[in-house]
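Presented below is the structure to which this report refers.
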Amino acid sequence: MYIDGGSDATPVTPQDATQSLQGLQNGSPWLAFGGIPSPFLGLFASGGSTLALIDPNSPSIGQQFPLLPANLKPPFRVTNLAEFGYATDTETSPPNLFAAQVHEGRLAAAGDPRGWDQAGEITPIQRWASMLSGAGLTGIDGSAWYHPLRLTIDSGAVAEGNANPAQGILDVKATHGHDLRKHTLIYAFGAFGGQGVLDRARVLAAQSGIADRNLTLVNRAGTYAHNDPSGASPRNDFLDNLIPFLAKAARPHHDRHSDDGRDD
């Protein structure tokens with residue numbers, strides 16, 4: 001299952017792999033999402049989402065917090081809820097923070113402090129805040145405070161499970177990309193990644209001889225951001241396609257041949 005991601009068929013070069021390892025040895029082991037180093041992104045996400053839930057209508061605390069980047073702050077006074085929405089919505093959040101974004105609305109047209117208007121968008125802001133804050137849970141929230149940079153580096157050598165020189169440098173052993181069973185089912189949902197997610201699923205299927213009827217390919221580029229597949233409610237195109245896919249997967253493979261793959 002590809003949920004807005006997948007392996008690029010073209011691996012990184014040996015030179016790039018070597019440079020990445022050298023950079024890792026001389027810097028932080030943690031990935032800086034959107035240029036924000038650990039643990040600050042986790043702090044901002046957890047703190048902002050929790051304030052949006054427990055005190056949504058008060059003037060924003062985060063807007064006055066000097067460590068919060070200026071491009072995450074509206075140019076006028078807003079509520080805690082609106083500050084969180086401004087920092088994580090596709091229309092106002094910086095492009096390099098795509099991994100933290102949803103379609104959740106926009107700043108209200110008026111007010112001091114100004115609030116938030118869902119404006120008919122697909123992910124309710126309170127739902128998104130609940131997912132990130134971990135409210136009601138102990139010792140956990142929904143943010144990757146410390147995402148290993150090495151994981152991102154190694155993924156560049158996977159190359160749809162085909163051996164390549166960069167794998168030797170990175171000690172990656174992803175070499176079974178041609179060995180999937182021909183009746184394997186694949187579901188690919190492209191949100192921020194769009195058509196590229198579907199294309200990568202097709203490459204994997206083709207190199208293992210998997211028929212198109214076994215592929216469920218759904219492209220929602222432009223209407224679904226990276227986190228909308230998990231946040232959208234009550235209508236959710238990812239889940240609407242996932243349920244029949246799982247029902248098909250639960251049947252014996254010799255009973256599936258009458259089904260057609262979807263590509264929309």
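The way I read the labels, and the way they are meant: chains A, B, ... in the order of the structure tokens, residue 1 as the first residue of every chain, and ligand 1 as the first ligand shown, with later ones counted on from there.
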
Leaving out Ala232 of chain A and any residue of its chain fewer than 3 positions from it, which residues lie within 9 Å of it when counting only C-alpha atoms, given as a PDB file with N, CA, C and O atoms, in the first residue's frame?
ATOM      1  N   VAL A 102      -2.734  20.070   5.969  1.00  0.00           N
ATOM      2  CA  VAL A 102      -4.035  19.543   5.580  1.00  0.00           C
ATOM      3  C   VAL A 102      -4.842  20.675   4.949  1.00  0.00           C
ATOM      4  O   VAL A 102      -4.449  21.839   4.996  1.00  0.00           O
ATOM      5  N   HIS A 103      -5.981  20.321   4.365  1.00  0.00           N
ATOM      6  CA  HIS A 103      -6.969  21.312   3.939  1.00  0.00           C
ATOM      7  C   HIS A 103      -7.978  21.469   5.073  1.00  0.00           C
ATOM      8  O   HIS A 103      -8.864  20.637   5.242  1.00  0.00           O
ATOM      9  N   GLU A 104      -7.845  22.533   5.859  1.00  0.00           N
ATOM     10  CA  GLU A 104      -8.672  22.665   7.061  1.00  0.00           C
ATOM     11  C   GLU A 104      -9.408  23.991   7.156  1.00  0.00           C
ATOM     12  O   GLU A 104     -10.111  24.235   8.141  1.00  0.00           O
ATOM     13  N   GLU A 121     -13.771  22.942   3.970  1.00  0.00           N
ATOM     14  CA  GLU A 121     -12.656  22.084   3.582  1.00  0.00           C
ATOM     15  C   GLU A 121     -12.734  20.725   4.289  1.00  0.00           C
ATOM     16  O   GLU A 121     -13.519  20.522   5.210  1.00  0.00           O
ATOM     17  N   ILE A 122     -11.912  19.770   3.822  1.00  0.00           N
ATOM     18  CA  ILE A 122     -12.189  18.354   4.079  1.00  0.00           C
ATOM     19  C   ILE A 122     -11.735  17.836   5.438  1.00  0.00           C
ATOM     20  O   ILE A 122     -12.253  16.833   5.917  1.00  0.00           O
ATOM     21  N   THR A 123     -10.755  18.490   6.077  1.00  0.00           N
ATOM     22  CA  THR A 123     -10.266  18.013   7.376  1.00  0.00           C
ATOM     23  C   THR A 123     -10.658  18.994   8.470  1.00  0.00           C
ATOM     24  O   THR A 123     -10.187  20.135   8.472  1.00  0.00           O
ATOM     25  N   PRO A 124     -11.525  18.605   9.406  1.00  0.00           N
ATOM     26  CA  PRO A 124     -11.875  19.496  10.514  1.00  0.00           C
ATOM     27  C   PRO A 124     -10.648  19.847  11.347  1.00  0.00           C
ATOM     28  O   PRO A 124      -9.856  18.964  11.710  1.00  0.00           O
ATOM     29  N   ARG A 127     -10.135  17.973  14.561  1.00  0.00           N
ATOM     30  CA  ARG A 127      -9.683  16.592  14.358  1.00  0.00           C
ATOM     31  C   ARG A 127      -8.173  16.564  14.130  1.00  0.00           C
ATOM     32  O   ARG A 127      -7.463  15.731  14.699  1.00  0.00           O
ATOM     33  N   TRP A 128      -7.677  17.462  13.303  1.00  0.00           N
ATOM     34  CA  TRP A 128      -6.243  17.516  13.023  1.00  0.00           C
ATOM     35  C   TRP A 128      -5.460  17.878  14.287  1.00  0.00           C
ATOM     36  O   TRP A 128      -4.412  17.300  14.575  1.00  0.00           O
ATOM     37  N   TYR A 224      -6.143  16.832  -1.978  1.00  0.00           N
ATOM     38  CA  TYR A 224      -5.713  16.193  -0.728  1.00  0.00           C
ATOM     39  C   TYR A 224      -4.257  16.573  -0.466  1.00  0.00           C
ATOM     40  O   TYR A 224      -3.404  16.401  -1.340  1.00  0.00           O
ATOM     41  N   ASN A 227      -1.494  14.994   4.730  1.00  0.00           N
ATOM     42  CA  ASN A 227      -2.154  14.399   5.894  1.00  0.00           C
ATOM     43  C   ASN A 227      -3.673  14.284   5.767  1.00  0.00           C
ATOM     44  O   ASN A 227      -4.322  13.762   6.675  1.00  0.00           O
ATOM     45  N   ASP A 228      -4.243  14.742   4.670  1.00  0.00           N
ATOM     46  CA  ASP A 228      -5.684  14.616   4.494  1.00  0.00           C
ATOM     47  C   ASP A 228      -6.165  13.170   4.407  1.00  0.00           C
ATOM     48  O   ASP A 228      -7.293  12.887   4.832  1.00  0.00           O
ATOM     49  N   PRO A 229      -5.383  12.215   3.884  1.00  0.00           N
ATOM     50  CA  PRO A 229      -5.880  10.834   3.882  1.00  0.00           C
ATOM     51  C   PRO A 229      -6.218  10.309   5.272  1.00  0.00           C
ATOM     52  O   PRO A 229      -7.101   9.463   5.416  1.00  0.00           O
ATOM     53  N   ARG A 235     -16.294  12.710   4.903  1.00  0.00           N
ATOM     54  CA  ARG A 235     -15.998  12.121   3.605  1.00  0.00           C
ATOM     55  C   ARG A 235     -14.489  11.984   3.462  1.00  0.00           C
ATOM     56  O   ARG A 235     -13.747  12.935   3.698  1.00  0.00           O
ATOM     57  N   ASN A 236     -14.045  10.785   3.076  1.00  0.00           N
ATOM     58  CA  ASN A 236     -12.619  10.537   2.979  1.00  0.00           C
ATOM     59  C   ASN A 236     -12.360   9.601   1.804  1.00  0.00           C
ATOM     60  O   ASN A 236     -12.674   8.411   1.863  1.00  0.00           O
ATOM     61  N   ASP A 237     -11.808  10.152   0.715  1.00  0.00           N
ATOM     62  CA  ASP A 237     -11.591   9.357  -0.491  1.00  0.00           C
ATOM     63  C   ASP A 237     -10.594   8.229  -0.273  1.00  0.00           C
ATOM     64  O   ASP A 237     -10.695   7.176  -0.911  1.00  0.00           O
ATOM     65  N   PHE A 238      -9.615   8.442   0.594  1.00  0.00           N
ATOM     66  CA  PHE A 238      -8.657   7.372   0.868  1.00  0.00           C
ATOM     67  C   PHE A 238      -9.363   6.170   1.491  1.00  0.00           C
ATOM     68  O   PHE A 238      -9.176   5.032   1.051  1.00  0.00           O
TER      69      PHE A 238
END

Review point. Which neighbours of Trp30 of chain A fall inside 8 Å, counting only C-alpha atoms, when residues of the same chain fewer than 2 positions from it are skipped, and could you give them as a PyMOL selection string?
Key: chain A and resi 28+32+37-38+146-150

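Taking atom CA of Pro56 of chain A as the reference point, atom CA of Phe98 of chain A is found at 23.5 Å.
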
Practice item. From a DSSP pass on the backbone, collect the residues of segment 30-226 of chain A flagged as helix (DSSP H, G or I) and hand them back as a ChimeraX atom specification. Key: /A:40-54,62-64,70-72,80-88,95-100,125-133,149-155,159-161,165-170,195-207,212-214

Practice item. Show which residues sit within 8 Å of segment 169-180 of chain A, as a PyMOL selection string. Count only C-alpha atoms, and ignore same-chain residues fewer than 6 positions away. Key: chain A and resi 14+17-18+21+154+157-158+160-163+204+207-208

Suppose we keep C-alpha atoms; can you now write the selection as a short mmCIF file (atom, residue, chain, number, x, y, z; two decimals), in the first residue's frame?
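Contents of selection-v9.cif, as written:
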data_model
loop_
_atom_site.label_atom_id
_atom_site.label_comp_id
_atom_site.auth_asym_id
_atom_site.auth_seq_id
_atom_site.Cartn_x
_atom_site.Cartn_y
_atom_site.Cartn_z
CA PRO A 14 27.27 6.62 -5.15
CA ALA A 17 25.29 8.50 -0.96
CA THR A 18 28.86 9.09 0.22
CA LEU A 21 26.95 9.85 5.04
CA ASP A 154 18.80 5.07 3.04
CA ALA A 157 18.94 3.73 -2.49
CA VAL A 158 15.88 1.43 -2.38
CA GLU A 160 11.99 -0.21 -6.24
CA GLY A 161 13.93 -3.08 -4.68
CA ASN A 162 16.69 -3.26 -7.28
CA ALA A 163 20.36 -3.64 -6.38
CA LEU A 204 6.85 -2.11 -8.91
CA GLN A 207 8.75 -5.54 -12.77
CA SER A 208 7.08 -8.37 -10.84
#

List the neighbours of His226 of chain A out to 12 Å using only C-alpha atoms; skip same-chain residues closer than 3 positions along the sequence, and give me the result as a PDB file with N, CA, C and O atoms, in the first residue's frame.
ATOM      1  N   ILE A   3       0.701   5.137   0.552  1.00  0.00           N
ATOM      2  CA  ILE A   3      -0.095   6.253   1.045  1.00  0.00           C
ATOM      3  C   ILE A   3       0.730   7.519   0.860  1.00  0.00           C
ATOM      4  O   ILE A   3       1.544   7.885   1.714  1.00  0.00           O
ATOM      5  N   ASP A   4       0.581   8.129  -0.299  1.00  0.00           N
ATOM      6  CA  ASP A   4       1.286   9.359  -0.641  1.00  0.00           C
ATOM      7  C   ASP A   4       2.797   9.214  -0.541  1.00  0.00           C
ATOM      8  O   ASP A   4       3.491  10.105  -0.030  1.00  0.00           O
ATOM      9  N   GLY A   5       3.308   8.099  -1.011  1.00  0.00           N
ATOM     10  CA  GLY A   5       4.751   7.903  -1.013  1.00  0.00           C
ATOM     11  C   GLY A   5       5.107   6.686  -1.826  1.00  0.00           C
ATOM     12  O   GLY A   5       4.241   5.992  -2.353  1.00  0.00           O
ATOM     13  N   THR A  88      -0.571  25.238   9.655  1.00  0.00           N
ATOM     14  CA  THR A  88      -0.654  23.877   9.110  1.00  0.00           C
ATOM     15  C   THR A  88      -1.581  23.731   7.913  1.00  0.00           C
ATOM     16  O   THR A  88      -1.676  22.641   7.354  1.00  0.00           O
ATOM     17  N   ASP A  89      -2.253  24.788   7.492  1.00  0.00           N
ATOM     18  CA  ASP A  89      -3.137  24.694   6.329  1.00  0.00           C
ATOM     19  C   ASP A  89      -2.353  24.912   5.036  1.00  0.00           C
ATOM     20  O   ASP A  89      -1.367  25.659   5.008  1.00  0.00           O
ATOM     21  N   THR A  90      -2.802  24.285   3.975  1.00  0.00           N
ATOM     22  CA  THR A  90      -2.081  24.349   2.701  1.00  0.00           C
ATOM     23  C   THR A  90      -1.964  25.760   2.144  1.00  0.00           C
ATOM     24  O   THR A  90      -1.006  26.064   1.432  1.00  0.00           O
ATOM     25  N   PRO A  95       5.610  26.127   1.982  1.00  0.00           N
ATOM     26  CA  PRO A  95       5.680  24.937   1.132  1.00  0.00           C
ATOM     27  C   PRO A  95       6.595  23.846   1.675  1.00  0.00           C
ATOM     28  O   PRO A  95       6.311  22.662   1.490  1.00  0.00           O
ATOM     29  N   LEU A  97       6.915  22.833   4.557  1.00  0.00           N
ATOM     30  CA  LEU A  97       6.277  22.098   5.647  1.00  0.00           C
ATOM     31  C   LEU A  97       5.108  21.253   5.127  1.00  0.00           C
ATOM     32  O   LEU A  97       4.152  20.991   5.859  1.00  0.00           O
ATOM     33  N   PHE A  98       5.191  20.810   3.871  1.00  0.00           N
ATOM     34  CA  PHE A  98       4.103  20.044   3.267  1.00  0.00           C
ATOM     35  C   PHE A  98       3.750  18.803   4.090  1.00  0.00           C
ATOM     36  O   PHE A  98       2.602  18.348   4.082  1.00  0.00           O
ATOM     37  N   ALA A  99       4.734  18.235   4.810  1.00  0.00           N
ATOM     38  CA  ALA A  99       4.480  17.015   5.575  1.00  0.00           C
ATOM     39  C   ALA A  99       3.620  17.265   6.800  1.00  0.00           C
ATOM     40  O   ALA A  99       3.199  16.315   7.470  1.00  0.00           O
ATOM     41  N   ALA A 100       3.322  18.538   7.118  1.00  0.00           N
ATOM     42  CA  ALA A 100       2.496  18.859   8.283  1.00  0.00           C
ATOM     43  C   ALA A 100       1.171  19.500   7.886  1.00  0.00           C
ATOM     44  O   ALA A 100       0.474  20.049   8.739  1.00  0.00           O
ATOM     45  N   GLN A 101       0.793  19.422   6.615  1.00  0.00           N
ATOM     46  CA  GLN A 101      -0.333  20.209   6.134  1.00  0.00           C
ATOM     47  C   GLN A 101      -1.581  19.383   5.847  1.00  0.00           C
ATOM     48  O   GLN A 101      -1.512  18.196   5.518  1.00  0.00           O
ATOM     49  N   VAL A 102      -2.734  20.070   5.969  1.00  0.00           N
ATOM     50  CA  VAL A 102      -4.035  19.543   5.580  1.00  0.00           C
ATOM     51  C   VAL A 102      -4.842  20.675   4.949  1.00  0.00           C
ATOM     52  O   VAL A 102      -4.449  21.839   4.996  1.00  0.00           O
ATOM     53  N   HIS A 103      -5.981  20.321   4.365  1.00  0.00           N
ATOM     54  CA  HIS A 103      -6.969  21.312   3.939  1.00  0.00           C
ATOM     55  C   HIS A 103      -7.978  21.469   5.073  1.00  0.00           C
ATOM     56  O   HIS A 103      -8.864  20.637   5.242  1.00  0.00           O
ATOM     57  N   THR A 123     -10.755  18.490   6.077  1.00  0.00           N
ATOM     58  CA  THR A 123     -10.266  18.013   7.376  1.00  0.00           C
ATOM     59  C   THR A 123     -10.658  18.994   8.470  1.00  0.00           C
ATOM     60  O   THR A 123     -10.187  20.135   8.472  1.00  0.00           O
ATOM     61  N   PHE A 189      -2.394   5.675  -3.234  1.00  0.00           N
ATOM     62  CA  PHE A 189      -3.190   6.898  -3.107  1.00  0.00           C
ATOM     63  C   PHE A 189      -2.238   8.083  -3.164  1.00  0.00           C
ATOM     64  O   PHE A 189      -1.383   8.257  -2.296  1.00  0.00           O
ATOM     65  N   GLY A 190      -2.383   8.899  -4.198  1.00  0.00           N
ATOM     66  CA  GLY A 190      -1.544  10.077  -4.360  1.00  0.00           C
ATOM     67  C   GLY A 190      -2.251  11.321  -3.848  1.00  0.00           C
ATOM     68  O   GLY A 190      -3.282  11.721  -4.395  1.00  0.00           O
ATOM     69  N   ALA A 191      -1.725  11.935  -2.792  1.00  0.00           N
ATOM     70  CA  ALA A 191      -2.250  13.194  -2.264  1.00  0.00           C
ATOM     71  C   ALA A 191      -1.273  14.294  -2.700  1.00  0.00           C
ATOM     72  O   ALA A 191      -1.274  14.691  -3.862  1.00  0.00           O
ATOM     73  N   PHE A 192      -0.409  14.740  -1.797  1.00  0.00           N
ATOM     74  CA  PHE A 192       0.613  15.715  -2.197  1.00  0.00           C
ATOM     75  C   PHE A 192       1.490  15.139  -3.311  1.00  0.00           C
ATOM     76  O   PHE A 192       1.869  15.841  -4.241  1.00  0.00           O
ATOM     77  N   GLY A 193       1.795  13.828  -3.240  1.00  0.00           N
ATOM     78  CA  GLY A 193       2.656  13.195  -4.234  1.00  0.00           C
ATOM     79  C   GLY A 193       2.009  12.982  -5.583  1.00  0.00           C
ATOM     80  O   GLY A 193       2.710  12.751  -6.583  1.00  0.00           O
ATOM     81  N   GLY A 194       0.686  13.027  -5.636  1.00  0.00           N
ATOM     82  CA  GLY A 194      -0.041  12.976  -6.899  1.00  0.00           C
ATOM     83  C   GLY A 194       0.288  11.785  -7.772  1.00  0.00           C
ATOM     84  O   GLY A 194       0.461  10.656  -7.310  1.00  0.00           O
ATOM     85  N   VAL A 197       3.100   9.043  -7.162  1.00  0.00           N
ATOM     86  CA  VAL A 197       2.866   7.899  -6.285  1.00  0.00           C
ATOM     87  C   VAL A 197       2.305   6.735  -7.088  1.00  0.00           C
ATOM     88  O   VAL A 197       2.719   5.576  -6.932  1.00  0.00           O
ATOM     89  N   ARG A 220      -5.349  12.163  -6.088  1.00  0.00           N
ATOM     90  CA  ARG A 220      -6.101  13.301  -5.555  1.00  0.00           C
ATOM     91  C   ARG A 220      -5.191  14.518  -5.374  1.00  0.00           C
ATOM     92  O   ARG A 220      -5.375  15.315  -4.456  1.00  0.00           O
ATOM     93  N   ALA A 221      -4.234  14.673  -6.271  1.00  0.00           N
ATOM     94  CA  ALA A 221      -3.339  15.836  -6.210  1.00  0.00           C
ATOM     95  C   ALA A 221      -4.154  17.116  -6.321  1.00  0.00           C
ATOM     96  O   ALA A 221      -5.051  17.230  -7.156  1.00  0.00           O
ATOM     97  N   GLY A 222      -3.821  18.084  -5.472  1.00  0.00           N
ATOM     98  CA  GLY A 222      -4.506  19.364  -5.500  1.00  0.00           C
ATOM     99  C   GLY A 222      -5.703  19.449  -4.580  1.00  0.00           C
ATOM    100  O   GLY A 222      -6.076  20.543  -4.148  1.00  0.00           O
ATOM    101  N   THR A 223      -6.322  18.318  -4.274  1.00  0.00           N
ATOM    102  CA  THR A 223      -7.476  18.326  -3.371  1.00  0.00           C
ATOM    103  C   THR A 223      -7.165  17.673  -2.032  1.00  0.00           C
ATOM    104  O   THR A 223      -7.871  17.927  -1.056  1.00  0.00           O
ATOM    105  N   PRO A 229      -5.383  12.215   3.884  1.00  0.00           N
ATOM    106  CA  PRO A 229      -5.880  10.834   3.882  1.00  0.00           C
ATOM    107  C   PRO A 229      -6.218  10.309   5.272  1.00  0.00           C
ATOM    108  O   PRO A 229      -7.101   9.463   5.416  1.00  0.00           O
ATOM    109  N   SER A 230      -5.541  10.788   6.293  1.00  0.00           N
ATOM    110  CA  SER A 230      -5.864  10.361   7.651  1.00  0.00           C
ATOM    111  C   SER A 230      -6.756  11.351   8.373  1.00  0.00           C
ATOM    112  O   SER A 230      -7.401  11.001   9.366  1.00  0.00           O
ATOM    113  N   GLY A 231      -6.838  12.599   7.900  1.00  0.00           N
ATOM    114  CA  GLY A 231      -7.574  13.626   8.617  1.00  0.00           C
ATOM    115  C   GLY A 231      -8.951  13.938   8.077  1.00  0.00           C
ATOM    116  O   GLY A 231      -9.820  14.392   8.817  1.00  0.00           O
ATOM    117  N   ALA A 232      -9.173  13.730   6.779  1.00  0.00           N
ATOM    118  CA  ALA A 232     -10.443  14.124   6.168  1.00  0.00           C
ATOM    119  C   ALA A 232     -11.620  13.390   6.808  1.00  0.00           C
ATOM    120  O   ALA A 232     -11.554  12.182   7.047  1.00  0.00           O
ATOM    121  N   PHE A 238      -9.615   8.442   0.594  1.00  0.00           N
ATOM    122  CA  PHE A 238      -8.657   7.372   0.868  1.00  0.00           C
ATOM    123  C   PHE A 238      -9.363   6.170   1.491  1.00  0.00           C
ATOM    124  O   PHE A 238      -9.176   5.032   1.051  1.00  0.00           O
TER     125      PHE A 238
END

Exercise for review: May I have the residues within 7 Å of Tyr2 of chain A as a PyMOL selection string, using only C-alpha atoms and disregarding those fewer than 4 positions away in the same chain?
Suggested key: chain A and resi 6+187-189

Written file, previous selection with N, CA and C atoms, as an mmCIF file, in the first residue's frame:
data_model
loop_
_atom_site.group_PDB
_atom_site.id
_atom_site.type_symbol
_atom_site.label_atom_id
_atom_site.label_comp_id
_atom_site.auth_asym_id
_atom_site.auth_seq_id
_atom_site.Cartn_x
_atom_site.Cartn_y
_atom_site.Cartn_z
ATOM 1 N N GLY A 6 6.383 6.426 -1.942
ATOM 2 C CA GLY A 6 6.844 5.266 -2.682
ATOM 3 C C GLY A 6 8.300 5.414 -3.055
ATOM 4 N N TYR A 187 -2.406 -0.954 -3.617
ATOM 5 C CA TYR A 187 -3.247 0.241 -3.537
ATOM 6 C C TYR A 187 -2.329 1.442 -3.399
ATOM 7 N N ALA A 188 -2.452 2.402 -4.313
ATOM 8 C CA ALA A 188 -1.639 3.617 -4.263
ATOM 9 C C ALA A 188 -2.562 4.828 -4.249
ATOM 10 N N PHE A 189 -2.394 5.675 -3.234
ATOM 11 C CA PHE A 189 -3.190 6.898 -3.107
ATOM 12 C C PHE A 189 -2.238 8.083 -3.164
#

Exercise for review: Enumerate the residues of segment 10-166 of chain A with a DSSP assignment of strand (DSSP E or B), computed from the backbone, and present them as a PyMOL selection string.
Suggested key: chain A and resi 30+33+36+59+78-79+89+102+106-111+114-117+148

May I have the selected residues written with N, CA, C and O atoms, as a compact mmCIF listing (two decimals), in the first residue's frame?
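Generated output (part.txt):
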# COMPACT_ATOMS: atom_id res chain seq x y z
N TRP A 30 19.13 13.91 13.23
CA TRP A 30 17.68 14.03 13.07
C TRP A 30 17.34 14.90 11.87
O TRP A 30 17.97 15.92 11.61
N PHE A 33 12.56 18.86 9.48
CA PHE A 33 11.40 19.08 8.61
C PHE A 33 11.22 20.57 8.36
O PHE A 33 11.13 21.37 9.29
N ILE A 36 13.23 23.16 10.23
CA ILE A 36 13.09 23.33 11.68
C ILE A 36 13.75 22.14 12.37
O ILE A 36 13.30 21.01 12.22
N PRO A 59 -6.40 34.71 22.80
CA PRO A 59 -5.31 35.20 21.94
C PRO A 59 -4.15 34.21 21.92
O PRO A 59 -3.80 33.61 22.93
N VAL A 78 -4.48 36.69 16.38
CA VAL A 78 -5.38 35.57 16.12
C VAL A 78 -5.55 34.75 17.40
O VAL A 78 -4.83 34.94 18.37
N THR A 79 -6.49 33.83 17.37
CA THR A 79 -6.71 32.92 18.49
C THR A 79 -5.72 31.76 18.43
O THR A 79 -5.03 31.55 17.42
N ASP A 89 -2.25 24.79 7.49
CA ASP A 89 -3.14 24.69 6.33
C ASP A 89 -2.35 24.91 5.04
O ASP A 89 -1.37 25.66 5.01
N VAL A 102 -2.73 20.07 5.97
CA VAL A 102 -4.04 19.54 5.58
C VAL A 102 -4.84 20.67 4.95
O VAL A 102 -4.45 21.84 5.00
N ARG A 106 -9.53 28.46 6.63
CA ARG A 106 -8.77 29.70 6.50
C ARG A 106 -9.07 30.61 7.69
O ARG A 106 -10.00 30.36 8.46
N LEU A 107 -8.27 31.66 7.82
CA LEU A 107 -8.52 32.65 8.87
C LEU A 107 -9.89 33.29 8.66
O LEU A 107 -10.32 33.53 7.54
N ALA A 108 -10.57 33.56 9.76
CA ALA A 108 -11.86 34.24 9.69
C ALA A 108 -11.70 35.62 9.06
O ALA A 108 -10.61 36.22 9.10
N ALA A 109 -12.76 36.12 8.46
CA ALA A 109 -12.68 37.39 7.75
C ALA A 109 -12.53 38.59 8.68
O ALA A 109 -12.07 39.65 8.25
N ALA A 110 -12.92 38.44 9.94
CA ALA A 110 -12.84 39.56 10.88
C ALA A 110 -12.71 39.02 12.29
O ALA A 110 -12.85 37.82 12.55
N GLY A 111 -12.43 39.95 13.23
CA GLY A 111 -12.31 39.57 14.63
C GLY A 111 -11.00 40.01 15.22
O GLY A 111 -10.00 40.17 14.51
N ARG A 114 -8.56 37.26 15.68
CA ARG A 114 -9.29 36.63 14.60
C ARG A 114 -9.31 35.11 14.78
O ARG A 114 -8.32 34.50 15.16
N GLY A 115 -10.45 34.51 14.50
CA GLY A 115 -10.62 33.07 14.66
C GLY A 115 -10.40 32.31 13.37
O GLY A 115 -9.73 32.78 12.45
N TRP A 116 -11.02 31.14 13.29
CA TRP A 116 -10.78 30.22 12.17
C TRP A 116 -12.10 29.83 11.53
O TRP A 116 -13.11 29.64 12.22
N ASP A 117 -12.11 29.69 10.22
CA ASP A 117 -13.28 29.30 9.45
C ASP A 117 -12.94 28.05 8.65
O ASP A 117 -12.02 28.09 7.82
N PRO A 148 14.76 9.95 12.21
CA PRO A 148 16.17 9.70 11.84
C PRO A 148 16.48 10.16 10.42
O PRO A 148 15.84 9.72 9.45

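Comparing A:Ala201, A:Leu239, A:Ala52, A:Ala119 by their smallest distance to Leu81 of chain A, the closest is A:Ala52 (using only C-alpha atoms).
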
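Across A:Ser60, A:Ser155, A:Gln126, A:Ser133, the tightest approach to Ser20 of chain A is made by A:Ser155 when counting only C-alpha atoms.
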